[in-house]
$ cat data_23.tsv   # TSV, C-alpha atoms
chain	number	residue	atom	x	y	z
J	1422	MET	CA	-27.93	16.52	3.25
J	1423	ILE	CA	-24.14	16.05	3.23
J	1424	ILE	CA	-23.00	13.37	5.66
J	1425	LEU	CA	-19.41	12.80	4.52
J	1426	GLU	CA	-16.80	14.77	2.59
J	1427	LYS	CA	-13.83	12.83	1.26
J	1428	GLU	CA	-10.68	13.84	-0.56
J	1429	ILE	CA	-10.33	12.11	-3.93
J	1430	TYR	CA	-7.71	12.24	-6.66
J	1431	GLN	CA	-7.31	11.30	-10.28
J	1432	VAL	CA	-3.81	9.99	-10.79
J	1433	ASP	CA	-2.03	8.92	-13.98
J	1434	ALA	CA	-0.01	5.79	-13.22
J	1435	PHE	CA	3.03	4.42	-15.05
J	1436	THR	CA	4.00	7.86	-16.34
J	1437	ASP	CA	5.49	11.10	-15.06
J	1438	ILE	CA	3.66	13.42	-17.45
J	1439	PRO	CA	0.04	14.62	-17.30
J	1440	PHE	CA	-2.40	12.72	-19.53
J	1441	GLY	CA	-0.05	9.80	-20.06
J	1442	GLY	CA	-0.26	6.39	-18.48
J	1443	ASN	CA	-3.43	4.94	-17.02
J	1444	PRO	CA	-5.69	7.13	-14.84
J	1445	ALA	CA	-7.04	5.76	-11.57
J	1446	GLY	CA	-9.20	7.22	-8.86
J	1447	VAL	CA	-7.64	7.28	-5.39
J	1448	MET	CA	-9.46	7.89	-2.11
J	1449	PRO	CA	-6.79	7.95	0.63
J	1450	ASN	CA	-9.25	7.80	3.54
J	1451	ALA	CA	-12.27	5.60	2.86
J	1452	GLN	CA	-13.33	5.15	6.49
J	1453	GLY	CA	-17.10	5.35	6.83
J	1454	LEU	CA	-17.88	4.14	3.31
J	1455	ASN	CA	-19.70	0.91	2.58
J	1456	GLU	CA	-19.45	-1.22	-0.55
J	1457	ASN	CA	-22.43	0.48	-2.16
J	1458	ASP	CA	-20.84	3.91	-1.59
J	1459	MET	CA	-17.60	2.75	-3.15
J	1460	GLN	CA	-19.33	1.36	-6.22
J	1461	LYS	CA	-21.29	4.57	-6.74
J	1462	ILE	CA	-18.13	6.69	-6.42
J	1463	ALA	CA	-16.26	4.45	-8.87
J	1464	SER	CA	-19.12	4.75	-11.33
J	1465	GLU	CA	-19.09	8.54	-10.90
J	1466	MET	CA	-15.32	8.71	-11.43
J	1467	ASN	CA	-15.80	6.53	-14.55
J	1468	LEU	CA	-12.16	5.43	-14.62
J	1469	SER	CA	-11.05	1.86	-15.22
J	1470	GLU	CA	-10.46	1.48	-11.46
J	1471	THR	CA	-10.86	3.55	-8.32
J	1472	ALA	CA	-9.01	2.52	-5.14
J	1473	PHE	CA	-10.44	2.97	-1.64
J	1474	ILE	CA	-7.86	2.96	1.15
J	1475	LYS	CA	-8.18	2.48	4.89
J	1476	LYS	CA	-5.15	2.63	7.17
J	1477	ILE	CA	-5.40	-0.18	9.71
J	1478	GLY	CA	-1.93	-0.11	11.32
J	1479	LYS	CA	1.61	1.15	10.99
J	1480	ASN	CA	2.43	0.83	7.28
J	1481	VAL	CA	-0.55	-1.48	6.68
J	1482	TYR	CA	-3.56	-0.54	4.54
J	1483	ASP	CA	-6.77	-2.20	3.42
J	1484	VAL	CA	-7.34	-1.43	-0.26
J	1485	ARG	CA	-10.39	-2.23	-2.39
J	1486	PHE	CA	-10.61	-1.70	-6.14
J	1487	PHE	CA	-13.76	-0.94	-8.12
J	1488	THR	CA	-14.34	-0.55	-11.85
J	1489	PRO	CA	-17.39	1.49	-12.89
J	1490	SER	CA	-19.40	-1.74	-12.85
J	1491	CYS	CA	-17.90	-4.13	-10.26
J	1492	GLU	CA	-15.23	-4.82	-7.65
J	1493	VAL	CA	-12.00	-6.59	-8.67
J	1494	ASP	CA	-9.52	-8.37	-6.43
J	1495	LEU	CA	-6.43	-6.35	-7.39
J	1496	CYS	CA	-5.37	-3.57	-9.72
J	1497	GLY	CA	-1.76	-2.80	-10.54
J	1498	HIS	CA	-2.02	0.71	-11.91
J	1499	ALA	CA	-4.42	1.80	-9.14
J	1500	THR	CA	-1.95	0.43	-6.57
J	1501	ILE	CA	0.88	2.51	-8.06
J	1502	ALA	CA	-1.42	5.55	-8.15
J	1503	SER	CA	-2.57	4.95	-4.56
J	1504	PHE	CA	0.79	4.64	-2.87
J	1505	TYR	CA	2.32	7.42	-4.93
J	1506	THR	CA	-0.52	9.66	-3.71
J	1507	LEU	CA	-0.20	8.51	-0.09
J	1508	ALA	CA	3.51	9.31	-0.17
J	1509	TYR	CA	3.29	12.54	-2.17
J	1510	LYS	CA	0.49	13.92	0.04
J	1511	GLN	CA	2.39	12.73	3.16
J	1512	TYR	CA	-0.22	10.29	4.39
J	1513	ILE	CA	2.93	8.14	4.48
J	1514	GLU	CA	6.03	9.86	5.82
J	1515	SER	CA	9.39	8.84	4.43
J	1516	GLU	CA	11.65	7.03	6.89
J	1517	ASN	CA	14.44	6.16	4.42
J	1518	ASP	CA	15.14	5.96	0.70
J	1519	ILE	CA	13.04	2.79	0.31
J	1520	MET	CA	9.86	2.57	2.36
J	1521	LYS	CA	8.15	-0.84	2.63
J	1522	VAL	CA	4.42	-0.90	3.31
J	1523	TYR	CA	1.70	-3.52	2.87
J	1524	GLN	CA	-1.72	-3.56	1.28
J	1525	ASN	CA	-4.41	-6.06	2.22
J	1526	THR	CA	-6.37	-6.90	-0.93
J	1527	LYS	CA	-8.77	-9.61	-2.01
J	1528	ALA	CA	-5.73	-11.19	-3.71
J	1529	GLY	CA	-3.91	-11.32	-0.33
J	1530	ARG	CA	-1.43	-9.17	1.61
J	1531	LEU	CA	1.11	-7.70	-0.78
J	1532	GLY	CA	4.20	-5.61	-0.23
J	1533	VAL	CA	4.67	-2.19	-1.80
J	1534	GLU	CA	8.01	-0.37	-2.03
J	1535	ILE	CA	8.04	3.43	-2.22
J	1536	GLN	CA	11.39	4.60	-3.55
J	1537	TYR	CA	12.54	8.15	-2.79
J	1538	LYS	CA	15.23	10.34	-4.34
J	1539	ASP	CA	16.33	13.56	-2.66
J	1540	GLY	CA	13.32	13.28	-0.36
J	1541	LYS	CA	10.80	13.07	-3.22
J	1542	VAL	CA	8.83	10.07	-4.45
J	1543	GLU	CA	10.74	8.54	-7.35
J	1544	LYS	CA	8.95	5.27	-8.08
J	1545	VAL	CA	6.51	2.77	-6.58
J	1546	MET	CA	6.96	-1.00	-6.97
J	1547	MET	CA	4.25	-3.46	-5.95
J	1548	GLU	CA	4.56	-7.12	-5.16
J	1549	GLN	CA	1.97	-9.19	-6.97
J	1550	GLY	CA	0.25	-12.39	-5.99
J	1551	GLU	CA	2.19	-15.60	-6.54
J	1552	PRO	CA	2.00	-16.33	-10.28
J	1553	ARG	CA	-0.29	-19.21	-11.18
J	1554	SER	CA	-0.78	-20.71	-14.61
J	1555	LYS	CA	-4.19	-22.19	-15.32
J	1556	GLY	CA	-2.91	-23.81	-18.49
J	1557	LYS	CA	-2.98	-23.32	-22.23
J	1558	ILE	CA	-6.24	-22.65	-24.02
J	1559	VAL	CA	-5.21	-24.49	-27.19
J	1560	GLN	CA	-8.72	-25.73	-27.95
J	1561	ASP	CA	-10.09	-22.18	-27.96
J	1562	ILE	CA	-7.38	-20.41	-29.99
J	1563	GLU	CA	-9.38	-20.20	-33.20
J	1564	LYS	CA	-12.35	-18.65	-31.39
J	1565	LEU	CA	-10.06	-16.19	-29.61
J	1566	CYS	CA	-8.42	-15.17	-32.88
J	1567	ASN	CA	-11.79	-14.62	-34.53
J	1568	TYR	CA	-12.77	-12.21	-31.74
J	1569	LEU	CA	-9.49	-10.31	-32.24
J	1570	ASN	CA	-9.54	-10.43	-36.06
J	1571	ILE	CA	-6.13	-12.08	-36.35
J	1572	ASP	CA	-5.02	-15.45	-37.78
J	1573	THR	CA	-3.90	-18.38	-35.67
J	1574	GLU	CA	-0.61	-18.38	-37.62
J	1575	GLU	CA	0.10	-14.91	-36.18
J	1576	ILE	CA	0.34	-16.26	-32.63
J	1577	GLY	CA	3.87	-16.91	-31.42
J	1578	ILE	CA	7.11	-15.23	-30.38
J	1579	GLU	CA	9.09	-14.30	-33.48
J	1580	GLU	CA	9.49	-17.65	-35.27
J	1581	MET	CA	9.03	-19.74	-32.12
J	1582	LYS	CA	5.83	-21.54	-31.25
J	1583	ALA	CA	4.07	-20.09	-28.27
J	1584	TYR	CA	0.53	-20.55	-27.02
J	1585	PRO	CA	-1.83	-18.37	-25.03
J	1586	GLU	CA	-2.06	-19.23	-21.35
J	1587	ILE	CA	-4.34	-18.18	-18.54
J	1588	ILE	CA	-2.08	-16.73	-15.83
J	1589	SER	CA	-2.89	-14.86	-12.64
J	1590	THR	CA	-0.75	-12.69	-10.39
J	1591	GLY	CA	-3.90	-11.51	-8.65
J	1592	LEU	CA	-6.30	-11.40	-11.59
J	1593	PRO	CA	-6.48	-14.13	-14.26
J	1594	ASP	CA	-5.83	-12.99	-17.82
J	1595	ILE	CA	-5.26	-14.68	-21.16
J	1596	ILE	CA	-1.62	-13.93	-21.98
J	1597	LEU	CA	-1.46	-13.90	-25.77
J	1598	PRO	CA	1.86	-13.69	-27.67
J	1599	VAL	CA	1.79	-12.36	-31.24
J	1600	LYS	CA	4.72	-12.42	-33.63
J	1601	ASN	CA	5.29	-8.71	-34.22
J	1602	LYS	CA	4.08	-5.21	-33.48
J	1603	ASP	CA	2.21	-4.86	-36.77
J	1604	ILE	CA	-0.03	-7.76	-35.78
J	1605	LEU	CA	-0.53	-6.25	-32.34
J	1606	ASP	CA	-1.47	-2.87	-33.79
J	1607	LYS	CA	-4.00	-4.28	-36.28
J	1608	ILE	CA	-6.08	-6.08	-33.61
J	1609	VAL	CA	-9.73	-5.03	-33.83
J	1610	VAL	CA	-11.75	-6.49	-30.99
J	1611	ASP	CA	-15.27	-7.89	-31.02
J	1612	MET	CA	-16.00	-6.56	-27.53
J	1613	ASP	CA	-19.16	-8.60	-26.95
J	1614	GLY	CA	-17.37	-11.71	-28.14
J	1615	ILE	CA	-14.33	-11.15	-25.89
J	1616	ALA	CA	-16.59	-10.29	-22.93
J	1617	ASN	CA	-18.51	-13.55	-23.32
J	1618	PHE	CA	-15.32	-15.52	-23.97
J	1619	SER	CA	-13.72	-14.05	-20.84
J	1620	ASN	CA	-16.76	-14.92	-18.74
J	1621	GLU	CA	-16.78	-18.47	-20.08
J	1622	LEU	CA	-13.14	-18.95	-19.05
J	1623	GLY	CA	-13.38	-17.00	-15.79
J	1624	VAL	CA	-10.76	-14.42	-16.78
J	1625	THR	CA	-10.59	-10.65	-16.59
J	1626	GLY	CA	-9.57	-10.19	-20.22
J	1627	VAL	CA	-6.91	-10.63	-22.90
J	1628	HIS	CA	-3.37	-9.25	-22.66
J	1629	ALA	CA	-1.80	-9.38	-26.13
J	1630	PHE	CA	1.92	-8.66	-26.44
J	1631	THR	CA	4.92	-8.93	-28.70
J	1632	LEU	CA	8.52	-9.35	-27.56
J	1633	TYR	CA	10.34	-6.39	-29.10
J	1634	ASP	CA	13.74	-7.07	-27.55
J	1635	SER	CA	15.07	-9.42	-24.90
J	1636	ASP	CA	13.94	-7.00	-22.20
J	1637	LYS	CA	11.12	-4.99	-23.81
J	1638	ILE	CA	7.57	-5.74	-24.91
J	1639	TYR	CA	4.74	-3.85	-26.52
J	1640	CYS	CA	1.29	-4.83	-25.30
J	1641	ARG	CA	-2.45	-4.14	-25.42
J	1642	ASN	CA	-5.07	-5.17	-22.86
J	1643	PHE	CA	-8.79	-5.78	-23.47
J	1644	ALA	CA	-11.20	-6.41	-20.58
J	1645	PRO	CA	-14.77	-5.61	-21.71
J	1646	ALA	CA	-16.12	-8.23	-19.28
J	1647	VAL	CA	-15.34	-5.81	-16.43
J	1648	GLY	CA	-16.24	-2.67	-18.35
J	1649	ILE	CA	-12.81	-1.84	-19.84
J	1650	ASP	CA	-12.66	-2.04	-23.63
J	1651	GLU	CA	-8.93	-1.25	-23.73
J	1652	GLU	CA	-6.61	-0.18	-20.93
J	1653	ALA	CA	-3.56	2.09	-21.17
J	1654	ALA	CA	-1.49	0.28	-18.47
J	1655	THR	CA	-2.19	-3.00	-16.71
J	1656	GLY	CA	0.07	-3.93	-13.80
J	1657	THR	CA	-1.21	-7.42	-13.02
J	1658	ALA	CA	-1.26	-8.60	-16.64
J	1659	ASN	CA	2.26	-7.32	-17.33
J	1660	GLY	CA	3.51	-9.14	-14.24
J	1661	ALA	CA	1.81	-12.29	-15.54
J	1662	THR	CA	3.45	-11.74	-18.94
J	1663	LEU	CA	6.93	-11.58	-17.40
J	1664	TYR	CA	6.21	-14.86	-15.58
J	1665	TYR	CA	5.00	-16.39	-18.88
J	1666	LEU	CA	8.20	-15.34	-20.65
J	1667	LYS	CA	10.47	-16.50	-17.84
J	1668	LYS	CA	8.92	-19.88	-17.10
J	1669	ASN	CA	8.75	-20.77	-20.79
J	1670	ASN	CA	12.42	-19.75	-21.33
J	1671	PHE	CA	11.65	-17.03	-23.87
J	1672	ILE	CA	13.93	-14.59	-22.01
J	1673	GLY	CA	17.11	-15.06	-20.02
J	1674	GLY	CA	16.95	-11.98	-17.81
J	1675	ASN	CA	14.74	-11.11	-14.87
J	1676	LYS	CA	13.41	-7.71	-15.97
J	1677	ILE	CA	11.32	-6.29	-18.78
J	1678	VAL	CA	9.89	-2.90	-19.61
J	1679	SER	CA	6.34	-3.02	-20.95
J	1680	ILE	CA	5.14	-0.28	-23.30
J	1681	GLN	CA	1.36	0.02	-23.36
J	1682	GLY	CA	-1.25	2.63	-24.27
J	1683	TYR	CA	0.78	4.12	-27.12
J	1684	ASN	CA	-2.02	3.65	-29.66
J	1685	MET	CA	-4.52	5.23	-27.24
J	1686	GLY	CA	-2.51	8.44	-26.95
J	1687	ARG	CA	-1.60	7.54	-23.34
J	1688	PRO	CA	1.87	5.97	-23.49
J	1689	SER	CA	2.76	3.98	-20.38
J	1690	LYS	CA	6.00	2.48	-19.14
J	1691	ILE	CA	5.70	-0.44	-16.71
J	1692	ASN	CA	8.81	-1.81	-14.99
J	1693	CYS	CA	8.54	-5.54	-14.26
J	1694	GLU	CA	10.89	-7.71	-12.19
J	1695	ILE	CA	10.89	-11.41	-11.30
J	1696	THR	CA	12.91	-13.50	-8.85
J	1697	GLN	CA	12.89	-17.23	-8.25
J	1698	GLU	CA	13.64	-19.15	-5.08
J	1699	LYS	CA	13.40	-22.89	-5.65
J	1700	GLN	CA	10.00	-23.33	-7.36
J	1701	ARG	CA	8.49	-20.06	-6.10
J	1702	TYR	CA	8.45	-16.94	-8.26
J	1703	THR	CA	8.00	-13.41	-6.94
J	1704	VAL	CA	6.86	-10.71	-9.35
J	1705	LYS	CA	6.98	-6.93	-8.89
J	1706	VAL	CA	5.71	-4.23	-11.19
J	1707	GLY	CA	5.92	-0.50	-10.84
J	1708	GLY	CA	6.73	2.89	-12.16
J	1709	ARG	CA	6.02	6.55	-11.69
J	1710	ALA	CA	2.77	8.49	-11.32
J	1711	ASN	CA	1.35	11.99	-11.61
J	1712	ILE	CA	-1.62	13.58	-9.79
J	1713	VAL	CA	-3.72	15.49	-12.34
J	1714	ILE	CA	-6.97	16.24	-10.47
J	1715	GLU	CA	-7.68	16.63	-6.75
J	1716	GLY	CA	-10.90	17.55	-5.02
J	1717	THR	CA	-13.62	16.64	-2.55
J	1718	ILE	CA	-16.54	14.32	-3.08
J	1719	LYS	CA	-19.66	14.90	-0.96
J	1720	LEU	CA	-22.00	12.11	0.11
$ encode --input "data_23.tsv" --output "structure tokens"
Amino acid sequence: MIILEKEIYQVDAFTDIPFGGNPAGVMPNAQGLNENDMQKIASEMNLSETAFIKKIGKNVYDVRFFTPSCEVDLCGHATIASFYTLAYKQYIESENDIMKVYQNTKAGRLGVEIQYKDGKVEKVMMEQGEPRSKGKIVQDIEKLCNYLNIDTEEIGIEEMKAYPEIISTGLPDIILPVKNKDILDKIVVDMDGIANFSNELGVTGVHAFTLYDSDKIYCRNFAPAVGIDEEAATGTANGATLYYLKKNNFIGGNKIVSIQGYNMGRPSKINCEITQEKQRYTVKVGGRANIVIEGTIKL
């Protein structure tokens, strides 16, 4: 017996071409669904995250994010996918060239900017949670390197010393600098080891990156503890990486472009921005998106 029928989309985030970027499930109207329903739908979609959206007021939305195995507090690429879809399908109607809306998440209430050009959605930028560093994991570096099959001497930024840190802009990740792209590309992950290591430290996963230029990084993200062996685009972790670079004075500017997913055949481009007012940093990440599948799910 069918009780509910809901529109659902598969949306590639951080790209403007089909089958690029990071796919997310998006349900624009999740009224009537309970947590168990959402988890079952996310498992059925079998994407890294599926977002469930409920409009609760003018330009205010409750959003919950589920992996195939559990709920997470925040997801960057699913946020970009969600608000691109809401705007493109006119659940949100454009009032001007930059539309500001808000999402209530388990990481707090966060602003989202929908940028239009010639009346069409151009880009979505999301505000992340206030960046928080939980400190270096110096004592665990050798274990981390063993799980990634790299040497401790390969950690750093070019010839400068740099250490992995646990940083959260909504989800805590190990931000791991490596000295060059060759090192990044040769990483081979012990998924069980990284999953256990992540659980021990209370983090989502490992975000490894190399600084390619003063405003560009290449990166890879591994989160087997939440059911994601490798992800093609990770909004929260890239925002955390920009904070890491800025607060440790590895870059002078306030913007980077993160290139991720290239070795998975799903190249992604993530725009990251940071501002500072006194001791408070604000981080935004965003980009473009592309709807590739739309349909109806019956419950």
$ residues_around --input "data_23.tsv" --residues "stretch 1548-1557 of chain J" --least-positions-apart "4" --cutoff "7 Å" --atoms "only C-alpha atoms" --output "PDB file with C-alpha atoms, in the frame of the given file"
ATOM      1  CA  ALA J1528      -5.730 -11.190  -3.710  1.00  0.00           C
ATOM      2  CA  LEU J1531       1.110  -7.700  -0.780  1.00  0.00           C
ATOM      3  CA  GLY J1532       4.200  -5.610  -0.230  1.00  0.00           C
ATOM      4  CA  VAL J1533       4.670  -2.190  -1.800  1.00  0.00           C
ATOM      5  CA  TYR J1584       0.530 -20.550 -27.020  1.00  0.00           C
ATOM      6  CA  PRO J1585      -1.830 -18.370 -25.030  1.00  0.00           C
ATOM      7  CA  GLU J1586      -2.060 -19.230 -21.350  1.00  0.00           C
ATOM      8  CA  ILE J1587      -4.340 -18.180 -18.540  1.00  0.00           C
ATOM      9  CA  ILE J1588      -2.080 -16.730 -15.830  1.00  0.00           C
ATOM     10  CA  SER J1589      -2.890 -14.860 -12.640  1.00  0.00           C
ATOM     11  CA  THR J1590      -0.750 -12.690 -10.390  1.00  0.00           C
ATOM     12  CA  GLY J1591      -3.900 -11.510  -8.650  1.00  0.00           C
ATOM     13  CA  ALA J1661       1.810 -12.290 -15.540  1.00  0.00           C
ATOM     14  CA  TYR J1664       6.210 -14.860 -15.580  1.00  0.00           C
ATOM     15  CA  TYR J1702       8.450 -16.940  -8.260  1.00  0.00           C
ATOM     16  CA  THR J1703       8.000 -13.410  -6.940  1.00  0.00           C
ATOM     17  CA  VAL J1704       6.860 -10.710  -9.350  1.00  0.00           C
ATOM     18  CA  LYS J1705       6.980  -6.930  -8.890  1.00  0.00           C
ATOM     19  CA  VAL J1706       5.710  -4.230 -11.190  1.00  0.00           C
TER      20      VAL J1706
END
$ residues_around --input "data_23.tsv" --residues "J:Glu1574" --least-positions-apart "2" --cutoff "12 Å" --atoms "only C-alpha atoms" --output "number ranges by chain"
J: 1562-1563, 1566, 1571-1572, 1576-1584, 1598-1601, 1604
$ atom_distance --input "data_23.tsv" --atom1 "atom CA of J:Ile1608" --atom2 "atom CA of J:Leu1632"
16.1 Å
$ closest_residue --input "data_23.tsv" --among "J:Ile1429, J:Ile1672, J:Leu1592, J:Ile1615" --to "J:Tyr1633" --atoms "all atoms listed in the file"
J:Ile1672
$ residues_near_point --input "data_23.tsv" --point "(-17.4, -3.2, -19.5)" --cutoff "9 Å" --atoms "only C-alpha atoms" --output "CSV table (one decimal) with C-alpha atoms, keeping the file's coordinate frame"
chain,number,residue,atom,x,y,z
J,1488,THR,CA,-14.3,-0.6,-11.8
J,1489,PRO,CA,-17.4,1.5,-12.9
J,1490,SER,CA,-19.4,-1.7,-12.8
J,1612,MET,CA,-16.0,-6.6,-27.5
J,1616,ALA,CA,-16.6,-10.3,-22.9
J,1644,ALA,CA,-11.2,-6.4,-20.6
J,1645,PRO,CA,-14.8,-5.6,-21.7
J,1646,ALA,CA,-16.1,-8.2,-19.3
J,1647,VAL,CA,-15.3,-5.8,-16.4
J,1648,GLY,CA,-16.2,-2.7,-18.4
J,1649,ILE,CA,-12.8,-1.8,-19.8
J,1650,ASP,CA,-12.7,-2.0,-23.6
$ atom_distance --input "data_23.tsv" --atom1 "atom CA of J:Val1678" --atom2 "atom CA of J:Thr1506"
22.8 Å
$ closest_residue --input "data_23.tsv" --among "J:Lys1427, J:Lys1667, J:Lys1690, J:Lys1475" --to "J:Ile1462" --atoms "all atoms listed in the file"
J:Lys1427
$ closest_residue --input "data_23.tsv" --among "J:Phe1440, J:Val1481, J:Gly1707, J:Phe1487" --to "J:Glu1456" --atoms "only C-alpha atoms"
J:Phe1487
$ closest_residue --input "data_23.tsv" --among "J:Gln1536, J:Asn1525, J:Thr1631, J:Thr1573" --to "J:Ala1508" --atoms "all atoms listed in the file"
J:Gln1536
$ atom_distance --input "data_23.tsv" --atom1 "atom CA of J:Tyr1509" --atom2 "atom CA of J:Leu1468"
21.1 Å
$ axis_aligned_box --input "data_23.tsv" --around "stretch 1683-1686 of chain J" --padding-each-side "6 Å" --output "AutoDock Vina command-line options"
--center_x -1.9 --center_y 6.0 --center_z -28.3 --size_x 17.3 --size_y 16.8 --size_z 14.7
$ closest_residue --input "data_23.tsv" --among "J:Val1627, J:Cys1693, J:Met1466, J:Met1546" --to "J:Phe1504" --atoms "only C-alpha atoms"
J:Met1546
$ closest_residue --input "data_23.tsv" --among "J:Gly1623, J:Asn1480, J:Val1493, J:Lys1564" --to "J:Glu1534" --atoms "only C-alpha atoms"
J:Asn1480
